[in-house]
file target26.cif (mmCIF, C-alpha atoms)
data_final
loop_
_atom_site.group_PDB
_atom_site.id
_atom_site.type_symbol
_atom_site.label_atom_id
_atom_site.label_comp_id
_atom_site.auth_asym_id
_atom_site.auth_seq_id
_atom_site.Cartn_x
_atom_site.Cartn_y
_atom_site.Cartn_z
ATOM 1 C CA MET A 749 -45.189 12.532 -29.061
ATOM 2 C CA HIS A 750 -44.546 12.162 -32.769
ATOM 3 C CA THR A 751 -42.058 13.434 -35.317
ATOM 4 C CA ILE A 752 -42.758 16.228 -37.791
ATOM 5 C CA PRO A 753 -41.644 14.667 -41.097
ATOM 6 C CA ARG A 754 -38.799 16.210 -43.035
ATOM 7 C CA SER A 755 -41.135 16.444 -46.011
ATOM 8 C CA ALA A 756 -43.040 19.177 -44.146
ATOM 9 C CA GLY A 757 -39.883 21.275 -44.031
ATOM 10 C CA LEU A 758 -39.164 20.645 -47.712
ATOM 11 C CA GLY A 759 -42.708 21.698 -48.578
ATOM 12 C CA LEU A 760 -42.391 24.955 -46.630
ATOM 13 C CA LEU A 761 -38.958 25.637 -48.071
ATOM 14 C CA GLY A 762 -40.144 25.021 -51.644
ATOM 15 C CA TYR A 763 -43.132 27.292 -51.135
ATOM 16 C CA GLY A 764 -41.038 30.122 -49.693
ATOM 17 C CA ALA A 765 -38.324 29.971 -52.334
ATOM 18 C CA GLY A 766 -40.714 29.599 -55.269
ATOM 19 C CA THR A 767 -43.018 32.368 -54.091
ATOM 20 C CA ALA A 768 -40.091 34.747 -53.620
ATOM 21 C CA ILE A 769 -38.795 34.027 -57.115
ATOM 22 C CA ALA A 770 -42.236 34.534 -58.672
ATOM 23 C CA PHE A 771 -43.281 37.603 -56.722
ATOM 24 C CA LEU A 772 -39.993 39.475 -56.867
ATOM 25 C CA GLY A 773 -38.999 38.390 -60.377
ATOM 26 C CA SER A 774 -42.254 38.770 -62.279
ATOM 27 C CA GLY A 775 -42.446 42.547 -61.981
ATOM 28 C CA SER A 776 -46.183 42.365 -61.323
ATOM 29 C CA PRO A 777 -47.512 45.892 -60.667
ATOM 30 C CA GLY A 778 -48.474 46.613 -57.082
ATOM 31 C CA GLY A 779 -47.708 49.020 -54.286
ATOM 32 C CA GLY A 780 -47.144 52.533 -55.578
ATOM 33 C CA TYR A 781 -48.636 53.161 -59.007
ATOM 34 C CA ASP A 782 -45.981 53.273 -61.741
ATOM 35 C CA ASP A 783 -47.230 53.675 -65.299
ATOM 36 C CA ALA A 784 -43.842 52.831 -66.792
ATOM 37 C CA GLY A 785 -43.695 49.648 -64.732
ATOM 38 C CA ILE A 786 -47.085 48.576 -66.048
ATOM 39 C CA THR A 787 -45.925 49.174 -69.608
ATOM 40 C CA ARG A 788 -42.876 46.989 -69.006
ATOM 41 C CA TYR A 789 -45.025 44.275 -67.426
ATOM 42 C CA ILE A 790 -47.448 43.937 -70.332
ATOM 43 C CA THR A 791 -44.859 44.266 -73.106
ATOM 44 C CA GLY A 792 -45.015 41.242 -75.369
ATOM 45 C CA SER A 793 -41.363 40.300 -74.800
ATOM 46 C CA HIS A 794 -41.972 40.052 -71.055
ATOM 47 C CA ALA A 795 -45.118 37.925 -71.245
ATOM 48 C CA VAL A 796 -43.446 34.512 -71.494
ATOM 49 C CA ALA A 797 -40.912 35.163 -68.735
ATOM 50 C CA GLY A 798 -43.486 36.769 -66.457
ATOM 51 C CA PHE A 799 -46.093 34.042 -66.796
ATOM 52 C CA THR A 800 -43.413 31.350 -66.419
ATOM 53 C CA LEU A 801 -42.368 32.904 -63.125
ATOM 54 C CA TRP A 802 -45.967 33.020 -61.902
ATOM 55 C CA TYR A 803 -46.392 29.396 -62.947
ATOM 56 C CA VAL A 804 -43.369 28.537 -60.824
ATOM 57 C CA GLY A 805 -45.067 30.394 -57.978
ATOM 58 C CA ALA A 806 -48.272 28.397 -58.450
ATOM 59 C CA LEU A 807 -46.400 25.093 -58.468
ATOM 60 C CA SER A 808 -44.345 26.015 -55.415
ATOM 61 C CA ALA A 809 -47.520 26.903 -53.517
ATOM 62 C CA LEU A 810 -48.413 23.210 -53.636
ATOM 63 C CA GLY A 811 -45.545 22.729 -51.196
ATOM 64 C CA LEU A 812 -47.937 24.071 -48.562
ATOM 65 C CA VAL A 813 -50.088 20.976 -49.022
ATOM 66 C CA VAL A 814 -47.060 18.843 -48.155
ATOM 67 C CA PHE A 815 -46.217 21.165 -45.255
ATOM 68 C CA GLY A 816 -49.733 21.034 -43.836
ATOM 69 C CA THR A 817 -50.019 17.281 -44.226
ATOM 70 C CA GLY A 818 -46.892 16.881 -42.125
ATOM 71 C CA LEU A 819 -48.465 18.935 -39.327
ATOM 72 C CA ARG A 820 -51.836 17.191 -39.225
ATOM 73 C CA ARG A 821 -50.991 15.268 -36.048
ATOM 74 C CA ILE A 822 -50.343 18.469 -34.162
ATOM 75 C CA ALA A 823 -53.768 19.773 -35.181
ATOM 76 C CA ASP A 824 -55.767 18.881 -38.242
ATOM 77 C CA GLN A 825 -56.769 22.523 -38.533
ATOM 78 C CA LEU A 826 -53.168 23.339 -39.462
ATOM 79 C CA ARG A 827 -53.456 21.159 -42.543
ATOM 80 C CA SER A 828 -56.709 22.912 -43.454
ATOM 81 C CA LEU A 829 -55.095 26.325 -43.134
ATOM 82 C CA ALA A 830 -52.120 25.242 -45.258
ATOM 83 C CA ILE A 831 -54.358 23.818 -47.984
ATOM 84 C CA ALA A 832 -56.441 26.996 -48.015
ATOM 85 C CA ALA A 833 -53.229 29.014 -48.312
ATOM 86 C CA ALA A 834 -52.043 26.867 -51.221
ATOM 87 C CA ALA A 835 -55.345 27.262 -53.071
ATOM 88 C CA THR A 836 -55.351 31.024 -52.538
ATOM 89 C CA SER A 837 -51.745 31.374 -53.663
ATOM 90 C CA VAL A 838 -52.350 29.385 -56.865
ATOM 91 C CA THR A 839 -55.401 31.531 -57.610
ATOM 92 C CA GLY A 840 -53.422 34.731 -57.151
ATOM 93 C CA ALA A 841 -50.595 33.521 -59.361
ATOM 94 C CA PHE A 842 -53.057 32.876 -62.172
ATOM 95 C CA VAL A 843 -54.711 36.273 -61.683
ATOM 96 C CA SER A 844 -51.458 38.254 -61.937
ATOM 97 C CA GLY A 845 -49.987 35.906 -64.520
ATOM 98 C CA GLY A 846 -53.280 35.725 -66.402
ATOM 99 C CA VAL A 847 -53.016 39.430 -67.178
ATOM 100 C CA LEU A 848 -49.902 38.613 -69.208
ATOM 101 C CA VAL A 849 -51.655 35.776 -71.012
ATOM 102 C CA ALA A 850 -54.536 38.099 -71.907
ATOM 103 C CA MET A 851 -52.133 40.734 -73.199
ATOM 104 C CA ALA A 852 -50.169 38.216 -75.244
ATOM 105 C CA GLU A 853 -53.172 36.425 -76.725
ATOM 106 C CA GLY A 854 -55.286 39.547 -77.189
ATOM 107 C CA GLY A 855 -52.457 41.411 -78.855
ATOM 108 C CA GLU A 856 -52.245 45.135 -79.465
ATOM 109 C CA PRO A 857 -56.010 45.831 -79.141
ATOM 110 C CA VAL A 858 -55.961 44.530 -75.572
ATOM 111 C CA ARG A 859 -52.578 46.028 -74.603
ATOM 112 C CA THR A 860 -53.676 49.483 -75.768
ATOM 113 C CA GLY A 861 -57.378 49.168 -74.982
ATOM 114 C CA VAL A 862 -57.232 48.264 -71.295
ATOM 115 C CA PRO A 863 -56.451 51.326 -69.145
ATOM 116 C CA HIS A 864 -53.296 50.970 -67.067
ATOM 117 C CA PRO A 865 -55.099 51.714 -63.778
ATOM 118 C CA VAL A 866 -57.335 48.704 -64.485
ATOM 119 C CA ILE A 867 -54.298 46.494 -65.102
ATOM 120 C CA TYR A 868 -52.764 47.791 -61.876
ATOM 121 C CA THR A 869 -55.936 47.021 -59.924
ATOM 122 C CA ILE A 870 -56.127 43.448 -61.235
ATOM 123 C CA THR A 871 -52.465 42.642 -60.562
ATOM 124 C CA GLU A 872 -52.593 44.245 -57.126
ATOM 125 C CA ILE A 873 -55.501 41.957 -56.249
ATOM 126 C CA GLY A 874 -53.592 39.011 -57.731
ATOM 127 C CA ASN A 875 -50.521 39.857 -55.674
ATOM 128 C CA LEU A 876 -52.561 40.011 -52.475
ATOM 129 C CA LEU A 877 -54.085 36.623 -53.235
ATOM 130 C CA ALA A 878 -50.758 35.061 -54.227
ATOM 131 C CA VAL A 879 -48.671 36.484 -51.418
ATOM 132 C CA CYS A 880 -50.474 38.220 -48.569
ATOM 133 C CA ALA A 881 -53.516 35.966 -48.077
ATOM 134 C CA PRO A 882 -51.372 32.795 -47.833
ATOM 135 C CA ALA A 883 -49.007 34.631 -45.481
ATOM 136 C CA LEU A 884 -51.937 35.387 -43.187
ATOM 137 C CA LEU A 885 -53.047 31.749 -43.123
ATOM 138 C CA VAL A 886 -49.564 30.251 -42.774
ATOM 139 C CA GLY A 887 -48.745 32.984 -40.271
ATOM 140 C CA VAL A 888 -51.452 31.561 -38.020
ATOM 141 C CA VAL A 889 -49.870 28.127 -38.486
ATOM 142 C CA ALA A 890 -46.480 29.557 -37.459
ATOM 143 C CA ILE A 891 -47.963 31.064 -34.296
ATOM 144 C CA VAL A 892 -49.505 27.711 -33.342
ATOM 145 C CA LEU A 893 -46.179 25.976 -33.986
ATOM 146 C CA ALA A 894 -44.472 28.425 -31.641
ATOM 147 C CA PHE A 895 -46.624 27.099 -28.785
ATOM 148 C CA ARG A 896 -47.452 23.512 -29.784
ATOM 149 C CA ALA A 897 -44.421 22.071 -31.584
ATOM 150 C CA GLY A 898 -41.277 20.813 -29.872
ATOM 151 C CA LEU A 899 -39.022 23.265 -31.676
ATOM 152 C CA PRO A 900 -35.714 24.732 -30.472
ATOM 153 C CA GLY A 901 -36.206 27.890 -28.425
ATOM 154 C CA TRP A 902 -34.812 30.222 -31.068
ATOM 155 C CA LEU A 903 -37.097 28.761 -33.725
ATOM 156 C CA ARG A 904 -40.166 29.034 -31.496
ATOM 157 C CA VAL A 905 -39.464 32.744 -31.066
ATOM 158 C CA PHE A 906 -38.883 33.095 -34.811
ATOM 159 C CA CYS A 907 -42.163 31.272 -35.509
ATOM 160 C CA LEU A 908 -44.045 33.678 -33.268
ATOM 161 C CA VAL A 909 -42.477 36.808 -34.761
ATOM 162 C CA ALA A 910 -42.773 35.561 -38.333
ATOM 163 C CA GLY A 911 -46.349 34.457 -37.741
ATOM 164 C CA ILE A 912 -47.321 37.933 -36.609
ATOM 165 C CA CYS A 913 -45.483 39.394 -39.616
ATOM 166 C CA GLY A 914 -47.340 36.994 -41.905
ATOM 167 C CA VAL A 915 -50.699 38.047 -40.524
ATOM 168 C CA ALA A 916 -49.626 41.663 -41.082
ATOM 169 C CA ALA A 917 -48.280 40.960 -44.594
ATOM 170 C CA PRO A 918 -50.566 43.512 -46.325
ATOM 171 C CA PHE A 919 -48.330 46.151 -44.732
ATOM 172 C CA PHE A 920 -45.703 44.669 -47.103
ATOM 173 C CA PHE A 921 -42.510 45.375 -45.147
ATOM 174 C CA THR A 922 -43.397 42.668 -42.616
ATOM 175 C CA TYR A 923 -43.760 40.136 -45.441
ATOM 176 C CA PHE A 924 -40.009 39.756 -45.846
ATOM 177 C CA VAL A 925 -39.577 38.601 -42.238
ATOM 178 C CA TYR A 926 -42.257 35.994 -42.876
ATOM 179 C CA LEU A 927 -40.615 34.989 -46.163
ATOM 180 C CA LEU A 928 -37.245 34.561 -44.440
ATOM 181 C CA TRP A 929 -38.955 32.330 -41.875
ATOM 182 C CA THR A 930 -40.338 30.006 -44.572
ATOM 183 C CA VAL A 931 -36.785 29.375 -45.767
ATOM 184 C CA VAL A 932 -35.111 29.085 -42.350
ATOM 185 C CA ALA A 933 -37.873 27.060 -40.692
ATOM 186 C CA GLY A 934 -38.318 24.919 -43.787
ATOM 187 C CA ALA A 935 -34.614 24.100 -43.960
ATOM 188 C CA THR A 936 -34.471 23.411 -40.207
ATOM 189 C CA LEU A 937 -37.406 21.001 -40.323
ATOM 190 C CA ALA A 938 -35.977 19.349 -43.439
ATOM 191 C CA ILE A 939 -32.628 18.522 -41.831
ATOM 192 C CA SER A 940 -33.780 17.644 -38.315
ATOM 193 C CA ARG A 941 -36.332 15.346 -36.725
ATOM 194 C CA THR A 942 -38.553 17.583 -34.632
ATOM 195 C CA ARG A 943 -40.658 16.062 -31.878
ATOM 196 C CA ALA A 944 -44.127 17.505 -31.398
ATOM 197 C CA PRO A 945 -46.964 16.680 -28.992
ATOM 198 C CA ALA A 946 -49.871 14.584 -30.165
ATOM 199 C CA PRO A 947 -53.179 16.448 -30.412
ATOM 200 C CA SER A 948 -55.405 16.555 -27.383
ATOM 201 C CA LEU A 949 -58.433 14.264 -27.506
ATOM 202 C CA VAL A 950 -60.339 16.514 -25.129
#
call {"tool": "encode", "arguments": {"input": "target26.cif", "output": "structure tokens"}}
result
Amino acid sequence: MHTIPRSAGLGLLGYGAGTAIAFLGSGSPGGGYDDAGITRYITGSHAVAGFTLWYVGALSALGLVVFGTGLRRIADQLRSLAIAAAATSVTGAFVSGGVLVAMAEGGEPVRTGVPHPVIYTITEIGNLLAVCAPALLVGVVAIVLAFRAGLPGWLRVFCLVAGICGVAAPFFFTYFVYLLWTVVAGATLAISRTRAPAPSLV
């Protein structure tokens, strides 16, 4: 038996909170097509705030590296999944946020020359990379934790449900259950010393 370090919980908590702030606050187009929303997103006055939020999202995604490192003794594959999720999330943040940089640096010719459906397509892909792909990977981690980690019963059930919701994050509505789990599970691991079994050598 060993202890899951509190740093793992802090990493998960930081990732969840930062991703929520970036994704929900940036206004990045996605979901149903809304031409007015795209216009608001690429307006020059929004560029600094929007890219700053996505930068916060990219930085917070690095919390998954800390989270995964804390779980390596349960199974090294969990660390690999968490690192892959962090890399994917950072990439997505720079795709959706990079649209704003291009609009700001390119100026009016770019803002008026790029069709809105193209902007929508790029940011939708960026959102999937920043949010849904990491949720799939960390969702698998959550499912493993439900069965392998010495967590309280209620948290094991939450890990299982949230893990499934993370895997199904492209359906969008399930993502918020997963996001809530990152905050609750992260805070729980950060304030308690959780015992977990050592990995099998067989």
call {"tool": "resolve_selection", "arguments": {"input": "target26.cif", "expression": "the PyMOL selection byres ((chain A and resi 910) around 12)", "output": "ChimeraX atom specification"}}
result
/A:883-894,903-909,911-917,921-933
call {"tool": "residues_around", "arguments": {"input": "target26.cif", "residues": "Asp782 in chain A", "least_positions_apart": "5", "cutoff": "12 Å", "atoms": "all atoms listed in the file", "output": "number ranges by chain"}}
result
A: 775-777, 787-789, 864-865, 867-869
call {"tool": "residues_around", "arguments": {"input": "target26.cif", "residues": "range 850-854 of chain A", "least_positions_apart": "2", "cutoff": "9 Å", "atoms": "all atoms listed in the file", "output": "VMD selection string"}}
result
chain A and resid 790 to 792 795 to 796 845 to 848 856 to 859
call {"tool": "write_last_selection", "arguments": {"input": "target26.cif", "atoms": "C-alpha atoms", "output": "CSV table (one decimal), in the coordinates of the input"}}
result
chain,number,residue,atom,x,y,z
A,790,ILE,CA,-47.4,43.9,-70.3
A,791,THR,CA,-44.9,44.3,-73.1
A,792,GLY,CA,-45.0,41.2,-75.4
A,795,ALA,CA,-45.1,37.9,-71.2
A,796,VAL,CA,-43.4,34.5,-71.5
A,845,GLY,CA,-50.0,35.9,-64.5
A,846,GLY,CA,-53.3,35.7,-66.4
A,847,VAL,CA,-53.0,39.4,-67.2
A,848,LEU,CA,-49.9,38.6,-69.2
A,856,GLU,CA,-52.2,45.1,-79.5
A,857,PRO,CA,-56.0,45.8,-79.1
A,858,VAL,CA,-56.0,44.5,-75.6
A,859,ARG,CA,-52.6,46.0,-74.6
call {"tool": "closest_residue", "arguments": {"input": "target26.cif", "among": "A:Tyr803, A:Phe920, A:Phe815, A:Tyr763", "to": "Cys880 in chain A", "atoms": "only C-alpha atoms"}}
result
A:Phe920
call {"tool": "closest_residue", "arguments": {"input": "target26.cif", "among": "A:Ser808, A:Ser837, A:Thr751, A:Ser940", "to": "Arg820 in chain A", "atoms": "only C-alpha atoms"}}
result
A:Thr751
call {"tool": "resolve_selection", "arguments": {"input": "target26.cif", "expression": "the PyMOL selection byres ((chain A and resi 816) around 9)", "output": "PyMOL selection string"}}
result
chain A and resi 756+759-760+811-815+817-820+824-831+889
call {"tool": "resolve_selection", "arguments": {"input": "target26.cif", "expression": "the PyMOL selection byres ((chain A and resi 937-939) around 6)", "output": "ChimeraX atom specification"}}
result
/A:754,757-758,934-936,940
call {"tool": "write_last_selection", "arguments": {"input": "target26.cif", "atoms": "C-alpha atoms", "output": "PDB file, in the frame of the given file"}}
result
ATOM      1  CA  ARG A 754     -38.799  16.210 -43.035  1.00  0.00           C
ATOM      2  CA  GLY A 757     -39.883  21.275 -44.031  1.00  0.00           C
ATOM      3  CA  LEU A 758     -39.164  20.645 -47.712  1.00  0.00           C
ATOM      4  CA  GLY A 934     -38.318  24.919 -43.787  1.00  0.00           C
ATOM      5  CA  ALA A 935     -34.614  24.100 -43.960  1.00  0.00           C
ATOM      6  CA  THR A 936     -34.471  23.411 -40.207  1.00  0.00           C
ATOM      7  CA  SER A 940     -33.780  17.644 -38.315  1.00  0.00           C
TER       8      SER A 940
END
call {"tool": "atom_distance", "arguments": {"input": "target26.cif", "atom1": "CA of Val862 in chain A", "atom2": "CA of Leu807 in chain A"}}
result
28.6 Å
call {"tool": "atom_distance", "arguments": {"input": "target26.cif", "atom1": "CA of Gly874 in chain A", "atom2": "CA of Ser755 in chain A"}}
result
28.3 Å
call {"tool": "atom_distance", "arguments": {"input": "target26.cif", "atom1": "CA of Phe842 in chain A", "atom2": "CA of Trp802 in chain A"}}
result
7.1 Å
call {"tool": "closest_residue", "arguments": {"input": "target26.cif", "among": "A:Ala878, A:Ala835, A:Val849, A:Ala768", "to": "Ala797 in chain A", "atoms": "only C-alpha atoms"}}
result
A:Val849
call {"tool": "closest_residue", "arguments": {"input": "target26.cif", "among": "A:Arg896, A:Leu877, A:Ser774, A:Gly901", "to": "Arg821 in chain A", "atoms": "only C-alpha atoms"}}
result
A:Arg896
call {"tool": "closest_residue", "arguments": {"input": "target26.cif", "among": "A:Gly764, A:Pro918, A:Phe771, A:Ala832", "to": "Phe799 in chain A", "atoms": "all atoms listed in the file"}}
result
A:Phe771
call {"tool": "closest_residue", "arguments": {"input": "target26.cif", "among": "A:Gly798, A:Ala784, A:Pro753, A:Ala897", "to": "Leu772 in chain A", "atoms": "all atoms listed in the file"}}
result
A:Gly798
call {"tool": "decode", "arguments": {"input": "target26.cif", "residues": "range 864-928 of chain A", "atoms": "C-alpha atoms", "output": "short mmCIF file (atom, residue, chain, number, x, y, z; two decimals), in the first residue's frame"}}
result
data_model
loop_
_atom_site.label_atom_id
_atom_site.label_comp_id
_atom_site.auth_asym_id
_atom_site.auth_seq_id
_atom_site.Cartn_x
_atom_site.Cartn_y
_atom_site.Cartn_z
CA HIS A 864 -17.36 32.47 -40.40
CA PRO A 865 -18.10 28.77 -41.03
CA VAL A 866 -14.33 28.22 -41.34
CA ILE A 867 -13.72 30.01 -38.03
CA TYR A 868 -16.45 27.90 -36.45
CA THR A 869 -14.90 24.69 -37.76
CA ILE A 870 -11.44 25.57 -36.42
CA THR A 871 -12.67 26.56 -32.95
CA GLU A 872 -14.94 23.54 -32.73
CA ILE A 873 -11.93 21.31 -33.39
CA GLY A 874 -9.93 23.32 -30.84
CA ASN A 875 -12.66 22.92 -28.25
CA LEU A 876 -12.76 19.16 -28.77
CA LEU A 877 -9.00 18.95 -28.35
CA ALA A 878 -8.96 21.24 -25.31
CA VAL A 879 -11.93 19.76 -23.51
CA CYS A 880 -13.37 16.51 -24.84
CA ALA A 881 -10.21 14.57 -25.76
CA PRO A 882 -8.63 15.13 -22.31
CA ALA A 883 -11.95 14.21 -20.69
CA LEU A 884 -11.88 10.89 -22.54
CA LEU A 885 -8.33 10.12 -21.37
CA VAL A 886 -8.81 11.29 -17.78
CA GLY A 887 -12.20 9.58 -17.78
CA VAL A 888 -10.40 6.28 -18.28
CA VAL A 889 -8.13 7.20 -15.36
CA ALA A 890 -11.20 7.90 -13.20
CA ILE A 891 -12.69 4.50 -14.05
CA VAL A 892 -9.44 2.76 -13.06
CA LEU A 893 -9.35 4.73 -9.81
CA ALA A 894 -12.87 3.54 -9.02
CA PHE A 895 -11.59 -0.04 -8.94
CA ARG A 896 -7.92 0.27 -7.97
CA ALA A 897 -7.60 3.15 -5.50
CA GLY A 898 -8.51 2.96 -1.82
CA LEU A 899 -11.09 5.72 -2.07
CA PRO A 900 -14.21 6.22 0.07
CA GLY A 901 -17.21 4.36 -1.31
CA TRP A 902 -19.05 7.48 -2.44
CA LEU A 903 -15.99 8.73 -4.31
CA ARG A 904 -15.43 5.38 -6.02
CA VAL A 905 -18.99 5.53 -7.36
CA PHE A 906 -18.47 9.15 -8.42
CA CYS A 907 -15.21 8.19 -10.17
CA LEU A 908 -17.00 5.49 -12.13
CA VAL A 909 -19.91 7.71 -13.16
CA ALA A 910 -17.70 10.69 -13.95
CA GLY A 911 -15.28 8.49 -15.87
CA ILE A 912 -18.06 7.25 -18.11
CA CYS A 913 -19.27 10.84 -18.56
CA GLY A 914 -15.73 11.90 -19.46
CA VAL A 915 -15.45 9.22 -22.11
CA ALA A 916 -18.81 10.41 -23.46
CA ALA A 917 -17.83 14.11 -23.28
CA PRO A 918 -18.40 14.77 -27.02
CA PHE A 919 -22.11 14.51 -26.20
CA PHE A 920 -21.41 17.72 -24.21
CA PHE A 921 -24.05 17.45 -21.48
CA THR A 922 -22.11 14.64 -19.80
CA TYR A 923 -19.01 16.85 -19.68
CA PHE A 924 -20.32 18.87 -16.75
CA VAL A 925 -20.60 15.78 -14.54
CA TYR A 926 -16.99 14.99 -15.38
CA LEU A 927 -15.96 18.60 -14.73
CA LEU A 928 -17.67 18.56 -11.32
#
